[in-house]
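One file, input-v7.cif, carrying mmCIF, all heavy atoms:
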data_work
#
loop_
_atom_site.label_atom_id
_atom_site.label_comp_id
_atom_site.auth_asym_id
_atom_site.auth_seq_id
_atom_site.Cartn_x
_atom_site.Cartn_y
_atom_site.Cartn_z
N SER J 10 -6.32 -12.45 -4.03
CA SER J 10 -6.90 -13.20 -5.14
C SER J 10 -8.40 -12.94 -5.29
O SER J 10 -8.97 -13.30 -6.30
CB SER J 10 -6.65 -14.69 -4.95
OG SER J 10 -7.32 -15.17 -3.80
N THR J 11 -9.02 -12.32 -4.29
CA THR J 11 -10.46 -12.07 -4.38
C THR J 11 -10.81 -10.68 -4.89
O THR J 11 -11.97 -10.39 -5.13
CB THR J 11 -11.14 -12.27 -3.00
OG1 THR J 11 -10.57 -11.34 -2.08
CG2 THR J 11 -10.93 -13.68 -2.49
N THR J 12 -9.80 -9.83 -5.05
CA THR J 12 -10.05 -8.46 -5.51
C THR J 12 -9.38 -8.25 -6.86
O THR J 12 -8.15 -8.24 -6.94
CB THR J 12 -9.50 -7.44 -4.48
OG1 THR J 12 -10.07 -7.72 -3.21
CG2 THR J 12 -9.84 -6.02 -4.90
N PRO J 13 -10.17 -8.06 -7.92
CA PRO J 13 -9.59 -7.85 -9.24
C PRO J 13 -8.65 -6.64 -9.26
O PRO J 13 -8.95 -5.59 -8.68
CB PRO J 13 -10.81 -7.58 -10.12
CG PRO J 13 -11.96 -8.18 -9.39
CD PRO J 13 -11.63 -8.02 -7.93
N GLY J 14 -7.49 -6.81 -9.90
CA GLY J 14 -6.53 -5.72 -10.05
C GLY J 14 -5.60 -5.53 -8.87
O GLY J 14 -4.71 -4.69 -8.91
N LEU J 15 -5.78 -6.29 -7.81
CA LEU J 15 -4.92 -6.18 -6.63
C LEU J 15 -3.99 -7.39 -6.61
O LEU J 15 -4.41 -8.51 -6.35
CB LEU J 15 -5.77 -6.14 -5.36
CG LEU J 15 -5.07 -5.73 -4.08
CD1 LEU J 15 -4.49 -4.33 -4.20
CD2 LEU J 15 -6.05 -5.77 -2.91
N GLU J 16 -2.72 -7.15 -6.92
CA GLU J 16 -1.75 -8.24 -7.02
C GLU J 16 -1.08 -8.52 -5.69
O GLU J 16 -0.87 -7.62 -4.88
CB GLU J 16 -0.68 -7.89 -8.06
CG GLU J 16 -1.22 -7.79 -9.47
CD GLU J 16 -0.14 -7.44 -10.46
OE1 GLU J 16 1.03 -7.80 -10.24
OE2 GLU J 16 -0.46 -6.80 -11.47
N ALA J 17 -0.75 -9.79 -5.49
CA ALA J 17 -0.06 -10.22 -4.27
C ALA J 17 1.15 -11.07 -4.66
O ALA J 17 1.20 -11.65 -5.74
CB ALA J 17 -0.99 -11.02 -3.38
N THR J 18 2.11 -11.11 -3.75
CA THR J 18 3.30 -11.94 -3.95
C THR J 18 2.96 -13.39 -3.64
O THR J 18 1.88 -13.69 -3.15
CB THR J 18 4.45 -11.48 -3.05
OG1 THR J 18 4.08 -11.73 -1.69
CG2 THR J 18 4.78 -10.02 -3.26
N LYS J 19 3.91 -14.28 -3.88
CA LYS J 19 3.71 -15.70 -3.56
C LYS J 19 3.49 -15.91 -2.06
O LYS J 19 2.83 -16.85 -1.65
CB LYS J 19 4.90 -16.53 -4.03
CG LYS J 19 5.00 -16.63 -5.53
CD LYS J 19 6.20 -17.46 -5.96
CE LYS J 19 6.30 -17.50 -7.47
NZ LYS J 19 7.44 -18.29 -7.93
N LYS J 20 4.05 -15.01 -1.24
CA LYS J 20 3.89 -15.11 0.22
C LYS J 20 2.58 -14.48 0.70
O LYS J 20 2.30 -14.49 1.89
CB LYS J 20 5.07 -14.44 0.92
CG LYS J 20 6.38 -15.15 0.71
CD LYS J 20 7.49 -14.48 1.48
CE LYS J 20 8.78 -15.25 1.34
NZ LYS J 20 9.86 -14.64 2.14
N GLY J 21 1.81 -13.89 -0.22
CA GLY J 21 0.53 -13.30 0.15
C GLY J 21 0.58 -11.83 0.52
O GLY J 21 -0.42 -11.26 0.93
N CYS J 22 1.75 -11.20 0.36
CA CYS J 22 1.86 -9.77 0.63
C CYS J 22 1.42 -8.99 -0.60
O CYS J 22 1.55 -9.46 -1.72
CB CYS J 22 3.30 -9.42 0.98
SG CYS J 22 3.89 -10.19 2.49
N LEU J 23 0.91 -7.80 -0.38
CA LEU J 23 0.45 -6.97 -1.50
C LEU J 23 1.63 -6.37 -2.26
O LEU J 23 2.62 -5.97 -1.66
CB LEU J 23 -0.46 -5.86 -1.00
CG LEU J 23 -1.76 -6.33 -0.36
CD1 LEU J 23 -2.54 -5.15 0.19
CD2 LEU J 23 -2.60 -7.11 -1.35
N VAL J 24 1.51 -6.33 -3.56
CA VAL J 24 2.52 -5.72 -4.43
C VAL J 24 2.26 -4.22 -4.44
O VAL J 24 1.12 -3.78 -4.63
CB VAL J 24 2.42 -6.29 -5.86
CG1 VAL J 24 3.36 -5.55 -6.80
CG2 VAL J 24 2.71 -7.79 -5.86
N VAL J 25 3.31 -3.43 -4.21
CA VAL J 25 3.18 -1.97 -4.22
C VAL J 25 4.19 -1.36 -5.18
O VAL J 25 5.18 -1.98 -5.55
CB VAL J 25 3.37 -1.37 -2.81
CG1 VAL J 25 2.24 -1.77 -1.89
CG2 VAL J 25 4.70 -1.76 -2.20
N GLU J 26 3.92 -0.12 -5.57
CA GLU J 26 4.81 0.63 -6.46
C GLU J 26 6.08 1.04 -5.70
O GLU J 26 6.20 0.78 -4.51
CB GLU J 26 4.08 1.86 -7.00
CG GLU J 26 2.80 1.55 -7.77
CD GLU J 26 3.04 0.74 -9.04
OE1 GLU J 26 4.09 0.93 -9.68
OE2 GLU J 26 2.19 -0.08 -9.38
N ASP J 27 6.96 1.74 -6.37
CA ASP J 27 8.23 2.18 -5.77
C ASP J 27 8.04 3.06 -4.54
O ASP J 27 8.92 3.14 -3.70
CB ASP J 27 9.09 2.91 -6.79
CG ASP J 27 9.62 1.98 -7.87
OD1 ASP J 27 9.72 0.76 -7.61
OD2 ASP J 27 9.95 2.47 -8.97
N ASP J 28 6.89 3.74 -4.44
CA ASP J 28 6.65 4.60 -3.27
C ASP J 28 6.37 3.80 -2.00
O ASP J 28 6.33 4.33 -0.91
CB ASP J 28 5.52 5.60 -3.53
CG ASP J 28 4.16 4.94 -3.74
OD1 ASP J 28 4.01 3.73 -3.51
OD2 ASP J 28 3.23 5.67 -4.14
N GLY J 29 6.17 2.49 -2.14
CA GLY J 29 6.00 1.62 -1.00
C GLY J 29 4.59 1.48 -0.46
O GLY J 29 4.37 0.69 0.46
N VAL J 30 3.63 2.21 -1.03
CA VAL J 30 2.26 2.13 -0.50
C VAL J 30 1.17 2.05 -1.56
O VAL J 30 0.05 1.62 -1.26
CB VAL J 30 1.95 3.31 0.46
CG1 VAL J 30 2.81 3.25 1.70
CG2 VAL J 30 2.07 4.64 -0.23
N THR J 31 1.44 2.44 -2.79
CA THR J 31 0.44 2.41 -3.85
C THR J 31 0.36 1.01 -4.43
O THR J 31 1.35 0.50 -4.95
CB THR J 31 0.78 3.43 -4.96
OG1 THR J 31 0.92 4.72 -4.37
CG2 THR J 31 -0.29 3.47 -6.02
N THR J 32 -0.80 0.38 -4.33
CA THR J 32 -0.96 -0.98 -4.84
C THR J 32 -1.20 -0.97 -6.34
O THR J 32 -1.26 0.08 -6.98
CB THR J 32 -2.13 -1.71 -4.14
OG1 THR J 32 -3.36 -1.08 -4.52
CG2 THR J 32 -1.97 -1.70 -2.64
N THR J 33 -1.41 -2.13 -6.90
CA THR J 33 -1.65 -2.29 -8.32
C THR J 33 -3.08 -1.95 -8.71
O THR J 33 -3.42 -1.98 -9.89
CB THR J 33 -1.32 -3.73 -8.76
OG1 THR J 33 -2.07 -4.64 -7.95
CG2 THR J 33 0.16 -4.01 -8.63
N ARG J 34 -3.91 -1.64 -7.74
CA ARG J 34 -5.29 -1.22 -8.03
C ARG J 34 -5.45 0.25 -7.66
O ARG J 34 -5.13 0.66 -6.55
CB ARG J 34 -6.29 -2.06 -7.23
CG ARG J 34 -7.71 -1.70 -7.57
CD ARG J 34 -8.68 -2.67 -6.99
NE ARG J 34 -10.02 -2.21 -7.29
CZ ARG J 34 -11.09 -2.94 -7.11
NH1 ARG J 34 -10.98 -4.16 -6.63
NH2 ARG J 34 -12.27 -2.45 -7.39
N GLU J 35 -5.94 1.04 -8.62
CA GLU J 35 -6.08 2.48 -8.41
C GLU J 35 -6.92 2.79 -7.17
O GLU J 35 -7.98 2.20 -6.96
CB GLU J 35 -6.71 3.16 -9.62
CG GLU J 35 -6.79 4.66 -9.47
CD GLU J 35 -7.43 5.37 -10.64
OE1 GLU J 35 -7.71 4.72 -11.66
OE2 GLU J 35 -7.65 6.58 -10.52
N GLY J 36 -6.41 3.72 -6.35
CA GLY J 36 -7.14 4.16 -5.17
C GLY J 36 -7.01 3.25 -3.97
O GLY J 36 -7.63 3.49 -2.94
N VAL J 37 -6.20 2.20 -4.08
CA VAL J 37 -5.99 1.28 -2.96
C VAL J 37 -4.53 1.39 -2.52
O VAL J 37 -3.62 1.25 -3.33
CB VAL J 37 -6.32 -0.18 -3.34
CG1 VAL J 37 -6.04 -1.13 -2.19
CG2 VAL J 37 -7.78 -0.30 -3.78
N PHE J 38 -4.35 1.65 -1.23
CA PHE J 38 -3.02 1.84 -0.66
C PHE J 38 -2.81 0.83 0.46
O PHE J 38 -3.77 0.40 1.09
CB PHE J 38 -2.88 3.26 -0.11
CG PHE J 38 -3.12 4.31 -1.16
CD1 PHE J 38 -4.41 4.76 -1.43
CD2 PHE J 38 -2.07 4.83 -1.88
CE1 PHE J 38 -4.64 5.72 -2.41
CE2 PHE J 38 -2.29 5.78 -2.87
CZ PHE J 38 -3.58 6.22 -3.13
N ALA J 39 -1.56 0.44 0.68
CA ALA J 39 -1.27 -0.55 1.71
C ALA J 39 0.09 -0.28 2.32
O ALA J 39 0.95 0.36 1.71
CB ALA J 39 -1.29 -1.96 1.12
N GLY J 40 0.29 -0.77 3.52
CA GLY J 40 1.58 -0.63 4.18
C GLY J 40 1.69 -1.62 5.32
O GLY J 40 0.75 -2.37 5.62
N GLY J 41 2.82 -1.62 5.97
CA GLY J 41 3.03 -2.48 7.12
C GLY J 41 3.07 -3.95 6.74
O GLY J 41 3.56 -4.32 5.67
N ASP J 42 2.54 -4.78 7.62
CA ASP J 42 2.61 -6.23 7.43
C ASP J 42 1.94 -6.70 6.15
O ASP J 42 2.31 -7.73 5.60
CB ASP J 42 1.98 -6.95 8.63
CG ASP J 42 2.77 -6.77 9.90
OD1 ASP J 42 3.85 -6.14 9.87
OD2 ASP J 42 2.33 -7.28 10.95
N ALA J 43 0.96 -5.95 5.64
CA ALA J 43 0.27 -6.33 4.41
C ALA J 43 1.22 -6.28 3.21
O ALA J 43 1.01 -6.97 2.22
CB ALA J 43 -0.93 -5.43 4.15
N VAL J 44 2.28 -5.49 3.34
CA VAL J 44 3.26 -5.35 2.25
C VAL J 44 4.54 -6.11 2.55
O VAL J 44 5.08 -6.79 1.68
CB VAL J 44 3.57 -3.85 2.01
CG1 VAL J 44 4.67 -3.68 0.98
CG2 VAL J 44 2.31 -3.11 1.58
N THR J 45 5.04 -5.99 3.76
CA THR J 45 6.35 -6.55 4.09
C THR J 45 6.30 -7.92 4.75
O THR J 45 7.31 -8.61 4.85
CB THR J 45 7.10 -5.63 5.06
OG1 THR J 45 6.34 -5.51 6.27
CG2 THR J 45 7.33 -4.26 4.46
N GLY J 46 5.14 -8.32 5.23
CA GLY J 46 5.05 -9.50 6.07
C GLY J 46 5.34 -9.06 7.50
O GLY J 46 5.48 -7.86 7.78
N ALA J 47 5.43 -9.98 8.40
CA ALA J 47 5.62 -9.65 9.81
C ALA J 47 6.89 -8.81 10.01
O ALA J 47 7.96 -9.15 9.52
CB ALA J 47 5.70 -10.92 10.65
N ALA J 48 6.72 -7.68 10.68
CA ALA J 48 7.84 -6.78 10.96
C ALA J 48 7.55 -6.06 12.27
O ALA J 48 6.59 -6.40 12.98
CB ALA J 48 8.04 -5.80 9.81
N THR J 49 8.32 -5.04 12.56
CA THR J 49 8.15 -4.33 13.83
C THR J 49 7.01 -3.32 13.76
O THR J 49 6.60 -2.88 12.68
CB THR J 49 9.43 -3.56 14.21
OG1 THR J 49 9.64 -2.51 13.26
CG2 THR J 49 10.64 -4.48 14.25
N VAL J 50 6.52 -2.94 14.93
CA VAL J 50 5.47 -1.93 15.02
C VAL J 50 5.98 -0.60 14.48
O VAL J 50 5.24 0.14 13.82
CB VAL J 50 4.99 -1.79 16.48
CG1 VAL J 50 4.05 -0.61 16.64
CG2 VAL J 50 4.33 -3.07 16.95
N ILE J 51 7.23 -0.29 14.74
CA ILE J 51 7.81 0.97 14.27
C ILE J 51 7.77 1.06 12.75
O ILE J 51 7.39 2.09 12.19
CB ILE J 51 9.28 1.13 14.77
CG1 ILE J 51 9.33 1.13 16.30
CG2 ILE J 51 9.93 2.37 14.18
CD1 ILE J 51 8.56 2.25 16.96
N LEU J 52 8.12 -0.02 12.07
CA LEU J 52 8.06 -0.02 10.60
C LEU J 52 6.62 0.11 10.12
O LEU J 52 6.35 0.82 9.14
CB LEU J 52 8.70 -1.29 10.04
CG LEU J 52 10.21 -1.40 10.19
CD1 LEU J 52 10.71 -2.75 9.70
CD2 LEU J 52 10.89 -0.27 9.43
N ALA J 53 5.69 -0.55 10.78
CA ALA J 53 4.28 -0.46 10.40
C ALA J 53 3.76 0.96 10.59
O ALA J 53 2.99 1.47 9.76
CB ALA J 53 3.46 -1.45 11.22
N MET J 54 4.16 1.62 11.67
CA MET J 54 3.73 2.99 11.91
C MET J 54 4.27 3.92 10.82
O MET J 54 3.56 4.81 10.34
CB MET J 54 4.18 3.46 13.29
CG MET J 54 3.44 2.78 14.42
SD MET J 54 4.12 3.11 16.06
CE MET J 54 4.11 4.88 16.12
N GLY J 55 5.51 3.73 10.44
CA GLY J 55 6.11 4.53 9.37
C GLY J 55 5.38 4.33 8.05
O GLY J 55 5.12 5.28 7.31
N ALA J 56 5.03 3.09 7.75
CA ALA J 56 4.30 2.78 6.52
C ALA J 56 2.92 3.41 6.56
O ALA J 56 2.42 3.90 5.54
CB ALA J 56 4.20 1.26 6.33
N GLY J 57 2.29 3.41 7.72
CA GLY J 57 0.97 4.03 7.86
C GLY J 57 1.02 5.52 7.59
O GLY J 57 0.15 6.08 6.92
N LYS J 58 2.04 6.17 8.10
CA LYS J 58 2.21 7.61 7.87
C LYS J 58 2.43 7.89 6.39
O LYS J 58 1.84 8.81 5.83
CB LYS J 58 3.38 8.15 8.70
CG LYS J 58 3.57 9.63 8.55
CD LYS J 58 4.70 10.14 9.44
CE LYS J 58 4.87 11.64 9.24
NZ LYS J 58 5.96 12.17 10.04
N LYS J 59 3.27 7.09 5.77
CA LYS J 59 3.55 7.26 4.35
C LYS J 59 2.29 7.03 3.52
O LYS J 59 2.00 7.77 2.58
CB LYS J 59 4.65 6.27 3.93
CG LYS J 59 5.24 6.53 2.59
CD LYS J 59 6.41 5.57 2.39
CE LYS J 59 7.31 6.04 1.29
NZ LYS J 59 8.44 5.15 1.09
N ALA J 60 1.52 6.01 3.89
CA ALA J 60 0.27 5.73 3.18
C ALA J 60 -0.71 6.89 3.34
O ALA J 60 -1.37 7.29 2.38
CB ALA J 60 -0.36 4.43 3.69
N ALA J 61 -0.80 7.44 4.54
CA ALA J 61 -1.70 8.57 4.78
C ALA J 61 -1.34 9.75 3.89
O ALA J 61 -2.22 10.43 3.34
CB ALA J 61 -1.66 8.97 6.25
N GLU J 62 -0.05 10.02 3.74
CA GLU J 62 0.39 11.11 2.87
C GLU J 62 -0.01 10.86 1.42
O GLU J 62 -0.48 11.76 0.72
CB GLU J 62 1.90 11.29 2.98
CG GLU J 62 2.36 11.81 4.33
CD GLU J 62 3.87 11.72 4.54
OE1 GLU J 62 4.57 11.12 3.70
OE2 GLU J 62 4.33 12.27 5.55
N GLN J 63 0.16 9.63 0.96
CA GLN J 63 -0.19 9.28 -0.41
C GLN J 63 -1.70 9.32 -0.63
O GLN J 63 -2.18 9.74 -1.68
CB GLN J 63 0.36 7.90 -0.79
CG GLN J 63 1.86 7.86 -0.91
CD GLN J 63 2.37 8.71 -2.05
OE1 GLN J 63 1.72 8.88 -3.07
NE2 GLN J 63 3.55 9.26 -1.88
N ILE J 64 -2.46 8.87 0.36
CA ILE J 64 -3.92 8.91 0.26
C ILE J 64 -4.39 10.37 0.19
O ILE J 64 -5.25 10.71 -0.63
CB ILE J 64 -4.57 8.18 1.46
CG1 ILE J 64 -4.29 6.68 1.36
CG2 ILE J 64 -6.07 8.46 1.53
CD1 ILE J 64 -4.57 5.91 2.64
N HIS J 65 -3.82 11.23 1.01
CA HIS J 65 -4.18 12.65 0.98
C HIS J 65 -3.88 13.24 -0.39
O HIS J 65 -4.71 13.96 -0.97
CB HIS J 65 -3.41 13.42 2.07
CG HIS J 65 -3.75 14.86 2.09
ND1 HIS J 65 -3.05 15.79 1.36
CD2 HIS J 65 -4.71 15.53 2.75
CE1 HIS J 65 -3.58 16.98 1.56
NE2 HIS J 65 -4.57 16.85 2.41
N ALA J 66 -2.70 12.96 -0.93
CA ALA J 66 -2.33 13.47 -2.25
C ALA J 66 -3.28 12.94 -3.32
O ALA J 66 -3.69 13.68 -4.24
CB ALA J 66 -0.89 13.09 -2.58
N TYR J 67 -3.67 11.68 -3.22
CA TYR J 67 -4.59 11.07 -4.18
C TYR J 67 -5.95 11.74 -4.13
O TYR J 67 -6.50 12.11 -5.17
CB TYR J 67 -4.72 9.56 -3.88
CG TYR J 67 -5.70 8.85 -4.77
CD1 TYR J 67 -5.34 8.45 -6.05
CD2 TYR J 67 -6.99 8.56 -4.35
CE1 TYR J 67 -6.22 7.78 -6.88
CE2 TYR J 67 -7.89 7.89 -5.16
CZ TYR J 67 -7.49 7.51 -6.43
OH TYR J 67 -8.39 6.86 -7.26
N ILE J 68 -6.47 11.95 -2.94
CA ILE J 68 -7.79 12.57 -2.80
C ILE J 68 -7.74 14.04 -3.22
O ILE J 68 -8.64 14.53 -3.89
CB ILE J 68 -8.29 12.44 -1.35
CG1 ILE J 68 -8.61 10.97 -1.06
CG2 ILE J 68 -9.53 13.30 -1.11
CD1 ILE J 68 -8.90 10.68 0.38
N ALA J 69 -6.69 14.75 -2.85
CA ALA J 69 -6.55 16.16 -3.20
C ALA J 69 -6.44 16.34 -4.71
O ALA J 69 -6.86 17.37 -5.25
CB ALA J 69 -5.33 16.76 -2.51
N GLY J 70 -5.90 15.36 -5.39
CA GLY J 70 -5.74 15.43 -6.84
C GLY J 70 -6.99 15.13 -7.62
O GLY J 70 -7.05 15.33 -8.81
N LYS J 71 -8.01 14.66 -6.96
CA LYS J 71 -9.28 14.32 -7.64
C LYS J 71 -10.19 15.49 -7.69
O LYS J 71 -10.23 16.35 -6.92
CB LYS J 71 -9.95 13.15 -6.92
CG LYS J 71 -9.21 11.87 -7.17
CD LYS J 71 -10.17 10.80 -7.47
CE LYS J 71 -9.42 9.65 -8.10
NZ LYS J 71 -10.07 9.02 -9.14
#
Encoding of this model in structure tokens:
Amino acid sequence: STTPGLEATKKGCLVVEDDGVTTTREGVFAGGDAVTGAATVILAMGAGKKAAEQIHAYIAGK
């Protein structure tokens, strides 16, 4: 609620696109507990890897 353009769910998790890591604000990516809520470390690590790939693609495209 403090960052314009960054949407959150009623539970306070960040809203992401179908890719699972791109938020509603351009250039901002999220994964793990920030998106899904409390989950396992393994799922968070997977989300981090996916986010890193998307961040690389975003930067490379600029």
message: Going by DSSP on the backbone, which residues of chain J come out as helix (DSSP H, G or I)? List them as an MDAnalysis selection string.
response: chainID J and resid 42:45 50:69
message: Let me make sure I understand: among J:Gly70, J:Thr12, J:Gly57, J:Glu26, which one has the smallest atom-to-atom distance to J:Gly40 if we use only C-alpha atoms?
response: J:Gly57
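Relative to atom CG of J:Lys58, atom CB of J:Pro13 is found at 29.2 Å.
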- prompt: Hey, what comes out of the PyMOL selection byres ((chain J and resi 63-65) around 4.5) on this file? Could you write it as JSON, numbers by chain?
  reply: {"J": [28, 30, 31, 38, 59, 60, 61, 62, 66, 67, 68, 69]}
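In terms of minimum interatomic distance to J:Leu15, J:Arg34 ranks closest within J:Arg34, J:Asp27, J:Asp42, J:Ala48, counting all heavy atoms.
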Put the listed atoms of stretch 25-36 of chain J in a box along x, y and z with 4 Å added on every side and give me the centre and edge lengths in Å to one decimal, as lines of an AutoDock Vina configuration file.
center_x = -1.2
center_y = 1.0
center_z = -5.0
size_x = 30.2
size_y = 19.2
size_z = 21.4
Gap from atom CA of J:Ala56 to atom N of J:Gly36 - Å, one decimal: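 That distance, rounded to one decimal, is 16.8 Å.
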query: Any idea what's packed within 5 Å of J:Val44, counting all atoms listed in the file, ignoring anything in its chain fewer than 6 positions away? Could you give it as a list in words?
result: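 Within the cut-off, the hits are Cys22, Leu23, Val25 and Gly29 of chain J.
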task: Calculate how many Å separate atom CA of J:Glu35 from atom CA of J:Gly14, rounding to one decimal.
output: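 Taking atom CA of J:Glu35 and atom CA of J:Gly14, their separation equals 8.4 Å.
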